[in-house]
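See below for the structure under consideration.
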Amino acid sequence: MKSFRFLLLSLLMTLSLSGFAQQRFSDKDLVNILWAMGQMYPQGFTIDINTLQQPTEGLAVSYLATQNSFDKKDLPKVIKHAREHNGFVGGWYNPENGKYYFDSTRLFPEDSLVAAVEFARDNEQNTLYDISKGIEIWSNYEQKDIRIILDCDMGSSTDDLFALMMLHRYMDMKRCNLIGVIVDRMGKANADIVDVLDNFYGHPDIPIGLETAGQEVTHVWIPYHNLAYARTPDGVPMFQRSVGDEGTYMEGYKLYRKLLAEQPDHSVTIASIGLVTTLARLLMSGPDEFSPLNGKDLVRAKVKDIYAMGGVFGDAVEPDYNFKQAINFSLTFFELLPKEVDVVFSPGEVGDPLDYRPELVISDMDWTDVHPIKWTYQFLNCNTGQKMWDPQAIINAVEGDAFYQLSERGWVTLTPNGETIFTPDPKGNCRYQRPGDPVWCDMVLKYIRLMAIQH
């Protein structure tokens with residue numbers, strides 16, 4: 001390693017002393033420099049071949065034209081392509097075959113994730129690389145027809161805001177289709193918040209349902225329920241809405257029935273990140289104008305899986321917050337949910353280390369002065385121990401199970417005290433996420449932040 005470092009430094013010094021550093025580097029010089037850098041940076045690098053500067057930010061995507069270039073003899077081809085295109089070359093080591101690859105690379109601004117992912121897919125690249133955050137983003141996924149209904153308790157904890165934000169970003173990348181949002185925390189203002197975010201992120205026509213007969217009193221941690229009615233100093237509404245002050249929302253369980261009846265069998269994923277009051281009412285419902293099936297049979301026919309934020313597993317036996325809040329509805333949900341529906345629980349301990357600090361949120365959204373999430377963090381006290389719990393159900397639902405370390409299969413029962421009891425069984429319909437190590441937690445938080453800076 002020292003010899004290669006000495007080779008590179010010596011070469012750069014020679015070029016600089018000769019005044020050549022102010023000119024275009026020859027292909028021969030670049031071959032030696034890039035080959036030496038491959039030895040110095042086994043974890044990978046990206047470099048501007050015109051200045052020999054390594055960029056500190058950007059989304060790096062390799063070109064298909066220089067794929068499978070790993071020998072020194074392949075470097076002239078890589079350099080030629082880079083000269084004719086964007087002037088960047090990247091290198092990375094593949095431990096599976098022991099080869100170091102070099103690619104002509106295109107750099108996108110970090111707020112252009114959709115364009116970068118589309119370019120990566122067009123160039124048959126499995127991943128792209130976020131330079132400033134040091135994380136890889138999966139891009140070469142199958143275009144799965146993921147139809148998601150989000151069930152949230154908007155209006156208390158801000159992780160609901162980020163969960164919905166991520167679903168909109170995933171839709172921008174054509175990774176899922178958000179077919180509806182159910183708000184299981186009663187109060188029209190909470191549904192109006194969803195309406196604001198749907199408009200802000202460019203999907204204003206997503207149907208919204210609101211619970212009207214659920215849990216009467218639930219604790220409010222961060223009172224951002226007035227977000228939808230924010231005004232400028234001149235009295236002008238800050239945020240666009242599709243449903244006005246006098247507008248109404250469909251009853252939550254009725255919207256569930258309508259949406260499910262319209263979908264193919266076993267095609268719907270439900271991301272439940274709040275209470276399960278509306279889900280319980282859905283399961284208790286009878287035939288109506290939308291479907292001749294009762295709620296339990298309708299869910300059995302249409303729902304493929306549920307990703308639920310909640311549960312306490314492992315050695316601990318204690319009540320889960322979400323399920324305890326409306327225990328009678330929760331007990332009904334666990335009793336009536338068809339065993340054919342897969343459930344993946346995201347316990348609070350998975351999101352506990354993911355602390356998206358208020359100052360980081362505001363900084364990441366400095367690209368605009370008018371942003372509903374930024375407004376919440378600017379004008380309310382969000383330094384309340386808020387962690388990124390809810391996005392874990394969303395990420396798992398869209399990215400797939402490989403993103404998480406999951407438990408074995410089993411069955412989950414709920415006690416009258418709100419405790420979730422897991423019984424292992426290969427035939428069970430339930431699994432739960434296990435906490436990740438610090439490296440994983442750092443990566444996931446950076447991924448959420450990357451989504452937040454998009455505009």
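In the structure tokens, the first chain shown is A, the next is B, and so on; residue numbers restart at 1 for each chain, and ligands run from 1 in the order shown.
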*With a distance cut-off of 8 Å and only C-alpha atoms, select the neighbouring residues of segment 160-167 of chain A, excluding the residue or stretch itself and same-chain residues fewer than 4 positions from it, and output the selection as JSON, numbers by chain.*
{"A": [150, 152, 153, 154, 171, 176, 178, 197, 201, 273, 373, 388, 390, 391, 394, 448, 451, 452]}
Same residues, C-alpha atoms, saved as a PDB file, in the first residue's frame:
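Result file is again_33.pdb:
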```pdb
ATOM      1  CA  LEU A 150     -51.128   3.928   4.553  1.00  0.00           C
ATOM      2  CA  CYS A 152     -51.532   6.487  10.192  1.00  0.00           C
ATOM      3  CA  ASP A 153     -52.280   8.475  13.349  1.00  0.00           C
ATOM      4  CA  MET A 154     -51.221  11.794  11.852  1.00  0.00           C
ATOM      5  CA  MET A 171     -43.902   6.913  -5.941  1.00  0.00           C
ATOM      6  CA  CYS A 176     -44.995   1.799  -5.374  1.00  0.00           C
ATOM      7  CA  LEU A 178     -50.077   4.797  -2.815  1.00  0.00           C
ATOM      8  CA  LEU A 197     -48.539  16.682   2.175  1.00  0.00           C
ATOM      9  CA  TYR A 201     -45.372  16.291  -2.915  1.00  0.00           C
ATOM     10  CA  ILE A 273     -48.112   3.068  11.591  1.00  0.00           C
ATOM     11  CA  ILE A 373     -42.446  19.400   7.669  1.00  0.00           C
ATOM     12  CA  MET A 388     -37.828   7.581  13.072  1.00  0.00           C
ATOM     13  CA  ASP A 390     -42.812   4.803  11.512  1.00  0.00           C
ATOM     14  CA  PRO A 391     -40.604   4.957   8.384  1.00  0.00           C
ATOM     15  CA  ILE A 394     -42.661   1.943   4.995  1.00  0.00           C
ATOM     16  CA  ILE A 448     -34.331   9.045   5.130  1.00  0.00           C
ATOM     17  CA  MET A 451     -35.328  11.444   0.666  1.00  0.00           C
ATOM     18  CA  ALA A 452     -35.917  14.657   2.629  1.00  0.00           C
TER      19      ALA A 452
END
```
*Which polymer residues have any atom within 12 Å of an atom of Lys446 of chain A, counting only C-alpha atoms, with same-chain residues fewer than 2 positions away left out, as number ranges by chain?*
A: 130-137, 354-356, 360-361, 364, 388, 439-444, 448-453
*asked:* One number please: atom CA of His168 of chain A to atom CA of Leu255 of chain A, in Å, one decimal.
replied: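 Distance between the two atoms: 19.8 Å.
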*Please measure the separation of atom CA of Lys258 of chain A and atom CA of Phe290 of chain A, giving the value in Å to one decimal.*
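One can read the atom CA of Lys258 of chain A to atom CA of Phe290 of chain A distance as 5.4 Å.
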*Skip segment 411-413 of chain A itself and residues of its chain fewer than 3 positions away, then list as a ChimeraX atom specification all residues within 9 Å of it, counting only C-alpha atoms.*
/A:331,334-335,419-425,427-431
*asked:* Would you compute the distance between atom CA of Val268 of chain A and atom CA of Ala280 of chain A? Give it in Å to one decimal.
replied: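 Separation between atom CA of Val268 of chain A and atom CA of Ala280 of chain A: 16.9 Å.
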*Identify which of the residues A:Tyr141, A:Gly180, A:Lys73, A:Gln325 lies closest to Val220 of chain A, counting only C-alpha atoms when measuring atom-to-atom distances.*
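Of all the options, A:Gln325 lies closest to Val220 of chain A.
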*For Val341 of chain A, list every protein, DNA or RNA residue within 8 Å, evaluated using only C-alpha atoms, and leave out those in the same chain fewer than 6 positions away; present the list as a list in words.*
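So the residues in contact are Arg300, Val303, Lys304, Asp305, Ile306 and Asn429 of chain A.
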